[in-house]
Amino acid sequence: MRALKLNAWLALACGGLVAVSSALAQTSAVDDRHGKLLLTGGVASVDGAAGGGLTPWALTGTYAGPGEWGASGHYSRLATGDYTLQAAGVAASWSDRVELSLARQDFDTGATGTALGLPGLHLKLDVLGVKVRVAGEAVLDSDNLMPQVAVGVQHKQLHAGGLALTLDALGADRSDTEVYVSATKLLLGQGLLLNATLRATRANQNGLLGFGGTGHRSYSLQPEISVAWLLQKNVAVGLEYRFNPDNLNPSLLGGGLKADDWKDVFVAWAPSKQMSFTAAWVDLGRVVAAVTPRRQRGLYLSAQLTP
């Protein structure tokens with residue numbers, strides 16, 4: 001019932017944000033000379049914050065300029081050899097400085113859930129985020145060494161279904177709050193975007209297997225790196241690398257819950273400021289290797305609407 005309520009809330013929020021953004025656009029449209037350039041708002045990450053597919057950037061989503069509100073909605077899907085991950089969310093930004101986001105991830109455990117005696121198990125993760133730009137401006141500072149810097153907070157709540165008792169036995173919590181700092185440098189002359197994020201986290205598989213574990217209660221600092229190259233003003237290619245903590249290794253399953261780092265190679269296309277599409281080849285490493293020992297690789301597709 002809670003899942004149905006949140007899905008309905010997401011749909012209503014997306015519709016409401018689209019309506020508000022369209023109304024604002026009619027009363028105070030951004031002149032392209034002062035608005036953000038195509039793709040400089042990034043795309044929606046799997047956690048909902050603007051950035052790449054796997055990691056947030058210091059940029060705020062949407063193309064809202066100073067003193068304006070903007071809104072966006074996104075849907076993403078990743079299919080690997082044994083799992084399927086879907087994510088949907090909405091975001092709002094104000095004055096190119098503050099970003100609010102809400103996302104839900106739905107992880108289909110497939111044959112692994114069946115092997116664990118939980119056929120049809122879906123792990124659902126809600127992520128509520130806020131990001132604030134605290135220094136720099138990516139476009140205006142593109143001709144000097146100053147990056148744009150933002151601080152973000154994400155609260156994550158896992159709905160583990162039948163896996164809840166197992167996570168309790170492993171000492172993993174089902175909710176947690178993470179803090180991160182991102183620095184993004186845009187080199188317009190070279191068509192390059194460089195991003196580094198440092199996250200304080202206890203998340204197991206981004207939170208899909210809870211947070212922390214027996215003997216691993218404290219936060220660790222995990223780096224995340226993105227590089228994007230603008231082939232033309234509306235097309236970018238790049239790669240991301242996201243380090244992950246390994247809180248459930250060893251566990252009741254020995255090394256069977258070891259966590260690997262996440263990585264991807266992506267291409268993003270923005271035919272206009274109103275929409276963008278991202279395709280990526282993603283490698284999540286081993287996920288519950290005790291049951292599915294092969295690396296989980298697959299195609300990630302995402303669409304984002306920015307009215």
# chains A, B, ... in the order shown; residues from 1 in each chain; ligands from 1

$ select_by_dssp --residues "range 26-269 of chain A" --states "alpha helix (DSSP H)" --output "PyMOL selection string"
chain A and resi 26-27+110-115+164-169

$ select_by_dssp --residues "range 46-123 of chain A" --states "strand (DSSP E)" --output "VMD selection string"
chain A and resid 50 to 51 69 to 79 84 to 94 98 to 108 122 to 123

$ residues_around --residues "Leu165 in chain A" --least-positions-apart "5" --cutoff "12 Å" --atoms "only C-alpha atoms" --output "list in words"
Leu118, His159, Ala160, Leu170, Gly171, Ala172, Asp173, Arg174, Leu209 and Gly210 of chain A

$ residues_around --residues "Gly212 in chain A" --least-positions-apart "2" --cutoff "12 Å" --atoms "only C-alpha atoms" --output "ChimeraX atom specification"
/A:167-177,201-210,214-220,244-249,251

$ atom_distance --atom1 "CA of Trp262 in chain A" --atom2 "CA of Asp283 in chain A"
5.8 Å
